[in-house]
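Here is the file protein-v3.cif (mmCIF, C-alpha atoms).
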```
data_input
loop_
_atom_site.label_atom_id
_atom_site.label_comp_id
_atom_site.auth_asym_id
_atom_site.auth_seq_id
_atom_site.Cartn_x
_atom_site.Cartn_y
_atom_site.Cartn_z
CA MET A 420 21.69 -77.47 -35.41
CA ILE A 421 21.05 -74.33 -33.37
CA GLY A 422 22.94 -73.80 -30.16
CA LYS A 423 26.17 -74.75 -28.38
CA ASN A 424 28.27 -73.13 -31.12
CA MET A 425 29.66 -70.13 -29.21
CA MET A 426 32.12 -69.72 -26.35
CA LEU A 427 32.09 -67.23 -23.49
CA ILE A 428 35.27 -65.19 -23.05
CA THR A 429 36.28 -62.30 -20.80
CA SER A 430 36.65 -59.07 -22.73
CA PRO A 431 36.46 -55.34 -22.00
CA PHE A 432 33.46 -53.29 -23.05
CA ARG A 433 34.20 -49.54 -23.04
CA ASN A 434 37.15 -50.17 -20.71
CA VAL A 435 35.06 -52.16 -18.19
CA LYS A 436 35.64 -55.87 -17.57
CA SER A 437 32.83 -57.81 -19.23
CA PHE A 438 32.22 -60.87 -21.40
CA SER A 439 31.59 -61.71 -25.03
CA LEU A 440 30.45 -64.74 -26.94
CA ILE A 441 32.44 -65.76 -30.00
CA PRO A 442 31.51 -68.38 -32.62
CA ILE A 443 33.40 -71.68 -32.52
CA THR A 444 31.73 -73.39 -35.50
CA SER A 445 31.01 -72.15 -39.01
CA ASP A 446 27.28 -72.87 -38.66
CA CYS A 447 26.87 -70.36 -35.81
CA PRO A 448 24.23 -67.78 -36.83
CA TYR A 449 26.04 -64.97 -34.98
CA ILE A 450 29.29 -63.09 -35.50
CA GLU A 451 29.59 -62.17 -31.82
CA ALA A 452 27.67 -61.05 -28.76
CA MET A 453 28.95 -58.34 -26.37
CA TYR A 454 27.64 -57.54 -22.92
CA ASP A 455 27.52 -53.89 -21.81
CA PRO A 456 27.60 -53.97 -17.99
CA SER A 457 26.73 -50.27 -17.67
CA SER A 458 23.37 -50.72 -19.40
CA GLY A 459 22.66 -54.43 -18.79
CA ILE A 460 22.37 -55.16 -22.53
CA LEU A 461 23.72 -58.10 -24.50
CA ALA A 462 24.20 -56.93 -28.11
CA VAL A 463 24.03 -59.88 -30.51
CA ILE A 464 25.42 -59.39 -34.03
CA THR A 465 23.95 -61.74 -36.64
CA LYS A 466 25.40 -62.94 -39.97
CA VAL A 467 22.39 -61.43 -41.77
CA LYS A 468 23.40 -58.34 -43.76
CA LYS A 469 21.17 -55.38 -44.48
CA GLN A 470 21.67 -52.07 -46.20
CA SER A 471 21.38 -48.95 -44.08
CA PHE A 472 22.29 -45.29 -44.41
CA HIS A 473 25.29 -43.92 -42.53
CA MET A 474 26.85 -40.49 -42.42
CA VAL A 475 30.55 -40.71 -43.29
CA PRO A 476 33.19 -37.98 -43.70
CA ARG A 477 33.52 -36.51 -47.20
CA LEU A 478 37.12 -36.99 -48.40
CA ASP A 479 39.23 -34.80 -50.64
CA THR A 480 41.41 -36.12 -53.51
CA ASN A 481 44.15 -36.96 -50.99
CA GLY A 482 41.80 -39.06 -48.85
CA GLN A 483 41.64 -36.48 -46.05
CA PRO A 484 38.35 -35.33 -44.47
CA VAL A 485 37.08 -32.03 -45.92
CA LYS A 486 36.80 -29.44 -43.13
CA LEU A 487 33.77 -27.16 -42.76
CA LYS A 488 34.35 -23.40 -42.78
CA ILE A 489 32.39 -23.17 -39.51
CA PRO A 490 31.37 -26.08 -37.21
CA ASN A 491 27.89 -27.56 -37.69
CA LYS A 492 25.69 -25.86 -35.06
CA GLN A 493 23.45 -28.92 -34.56
CA THR A 494 26.08 -31.66 -34.34
CA GLY A 495 29.26 -29.75 -33.50
CA LYS A 496 31.13 -31.65 -36.23
CA ILE A 497 33.93 -29.88 -38.05
CA VAL A 498 34.12 -32.01 -41.24
CA LYS A 499 31.74 -32.35 -44.15
CA GLU A 500 29.73 -35.56 -44.24
CA GLN A 501 27.82 -37.49 -46.84
CA ARG A 502 25.07 -40.06 -46.54
CA LEU A 503 26.00 -43.46 -48.00
CA THR A 504 24.31 -46.84 -48.18
CA VAL A 505 26.46 -49.36 -46.33
CA ASP A 506 26.06 -53.10 -45.77
CA THR A 507 25.77 -53.72 -42.04
CA PHE A 508 25.01 -56.79 -39.99
CA SER A 509 21.62 -57.04 -38.29
CA GLU A 510 21.73 -56.96 -34.52
CA PHE A 511 19.39 -57.31 -31.62
CA TYR A 512 19.57 -56.58 -27.91
CA ILE A 513 18.72 -58.80 -24.96
CA THR A 514 17.80 -56.86 -21.81
CA GLU A 515 15.80 -59.27 -19.63
CA LYS A 516 17.80 -61.40 -17.18
CA ASN A 517 15.84 -64.61 -17.87
CA GLU A 518 16.25 -64.16 -21.65
CA LEU A 519 19.96 -63.52 -21.14
CA ASP A 520 20.19 -66.77 -19.14
CA ASN A 521 18.34 -68.69 -21.86
CA PHE A 522 20.46 -67.30 -24.71
CA ILE A 523 23.77 -68.00 -22.96
CA ASN A 524 22.75 -71.48 -21.85
CA MET A 525 21.51 -72.30 -25.36
CA PHE A 526 24.55 -71.01 -27.29
CA ALA A 527 27.63 -71.10 -25.02
CA VAL A 528 29.44 -74.43 -24.78
CA ASN A 529 31.11 -73.27 -21.56
CA SER A 530 28.06 -71.71 -19.85
CA ASP A 531 28.29 -74.27 -17.05
CA VAL A 532 31.91 -73.41 -16.15
CA TYR A 533 32.26 -69.71 -17.05
CA ASN A 534 30.89 -67.35 -14.36
CA TRP A 535 29.39 -64.69 -16.66
CA ASN A 536 26.97 -63.60 -13.90
CA GLU A 537 29.81 -61.76 -12.15
CA HIS A 538 29.64 -59.15 -14.93
CA VAL A 539 25.85 -58.78 -14.91
CA MET A 540 24.37 -55.82 -13.06
CA ILE A 541 20.60 -55.94 -13.25
CA ASP A 542 19.88 -53.09 -10.87
CA GLU A 543 17.57 -50.31 -12.05
CA LYS A 544 19.45 -47.76 -9.91
CA THR A 545 22.89 -48.48 -11.43
CA ILE A 546 21.96 -49.22 -15.05
CA LYS A 547 22.32 -46.23 -17.34
CA LYS A 548 19.81 -45.61 -20.10
CA SER A 549 21.47 -46.74 -23.31
CA ASN A 550 21.25 -44.52 -26.35
CA LEU A 551 21.05 -47.72 -28.41
CA ILE A 552 17.47 -48.40 -27.34
CA VAL A 553 14.76 -45.79 -27.47
CA GLU A 554 11.62 -46.34 -25.42
CA VAL A 555 8.35 -45.19 -26.90
CA ASP A 556 5.82 -43.46 -24.65
CA LYS A 557 2.60 -45.44 -25.05
CA THR A 558 0.35 -42.92 -23.34
#
```
Starting from the file, lay out its structure as structure tokens.
Amino acid sequence: MIGKNMMLITSPFRNVKSFSLIPITSDCPYIEAMYDPSSGILAVITKVKKQSFHMVPRLDTNGQPVKLKIPNKQTGKIVKEQRLTVDTFSEFYITEKNELDNFINMFAVNSDVYNWNEHVMIDEKTIKKSNLIVEVDKT
């Protein structure tokens, strides 16, 4: 059965009061969902794993990051990195207010008593562009 297997809770997101959804049954298809009030995005983390490349610090024999002789001019990083394949969970982002309403009402058992709307700022003037989502110019 899909739905009504998560619970809304109050939680900080980047030191700002916000909300999250956490699973309450083992058949929930999601690990968690976190709302970013500064960008108006609900990030939903699924149980589906995928392999993706990530840059991670290169470690010496003592487990310490290996320092670069000079900082990387492009990134400003001061430690050597290596590209590794890592299992990560698939995620998607909900940005539209009506889709946010639908998702929360479908999955949160306490959507009727928890006032999650107090954390939602859908105002184009106050929402920052997230670096999580890249818009493509279609012209």
request  = Run through the PyMOL selection byres ((chain A and resi 500) around 12) on the given coordinates and return the selected residues as a list in words.
outcome  = His473, Met474, Val475, Pro476, Arg477, Leu478, Asp479, Pro484, Val485, Lys486, Leu487, Pro490, Asn491, Thr494, Lys496, Ile497, Val498, Lys499, Gln501, Arg502 and Leu503 of chain A
Would you translate the PyMOL selection byres ((chain A and resi 439) around 9) into the concrete set of residues it matches in this file, as a PDB file with C-alpha atoms, keeping the file's coordinate frame?
```pdb
ATOM      1  CA  MET A 426      32.120 -69.720 -26.350  1.00  0.00           C
ATOM      2  CA  LEU A 427      32.090 -67.230 -23.490  1.00  0.00           C
ATOM      3  CA  ILE A 428      35.270 -65.190 -23.050  1.00  0.00           C
ATOM      4  CA  THR A 429      36.280 -62.300 -20.800  1.00  0.00           C
ATOM      5  CA  SER A 430      36.650 -59.070 -22.730  1.00  0.00           C
ATOM      6  CA  PRO A 431      36.460 -55.340 -22.000  1.00  0.00           C
ATOM      7  CA  PHE A 432      33.460 -53.290 -23.050  1.00  0.00           C
ATOM      8  CA  SER A 437      32.830 -57.810 -19.230  1.00  0.00           C
ATOM      9  CA  PHE A 438      32.220 -60.870 -21.400  1.00  0.00           C
ATOM     10  CA  LEU A 440      30.450 -64.740 -26.940  1.00  0.00           C
ATOM     11  CA  ILE A 441      32.440 -65.760 -30.000  1.00  0.00           C
ATOM     12  CA  GLU A 451      29.590 -62.170 -31.820  1.00  0.00           C
ATOM     13  CA  ALA A 452      27.670 -61.050 -28.760  1.00  0.00           C
ATOM     14  CA  MET A 453      28.950 -58.340 -26.370  1.00  0.00           C
ATOM     15  CA  TYR A 454      27.640 -57.540 -22.920  1.00  0.00           C
ATOM     16  CA  LEU A 461      23.720 -58.100 -24.500  1.00  0.00           C
TER      17      LEU A 461
END
```
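Closest approach to Val467 of chain A among A:Phe508, A:Lys436, A:Lys488, A:Glu537: A:Phe508, based on all atoms listed in the file.
Using only C-alpha atoms, the residues found no farther than 6 Å from segment 522-531 of chain A, other than those of its own chain fewer than 5 positions away, are Gly422, Lys423, Asn424, Met425 and Met426 of chain A.
Note that the spacing between atom CA of Val532 of chain A and atom CA of Asp446 of chain A amounts to 23.0 Å.
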Non-local contacts of Ile513 of chain A (12 Å; all atoms listed in the file; under 3 positions in same chain excluded) as a list in words = Ala452, Met453, Tyr454, Asp455, Ser458, Gly459, Ile460, Leu461, Ala462, Val463, Ile464, Glu510, Lys516, Asn517, Glu518, Leu519, Asp520, Asn521, Phe522, Ile523, Leu551 and Ile552 of chain A
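Atom CA of Lys468 of chain A is positioned 28.8 Å from atom CA of Val435 of chain A.
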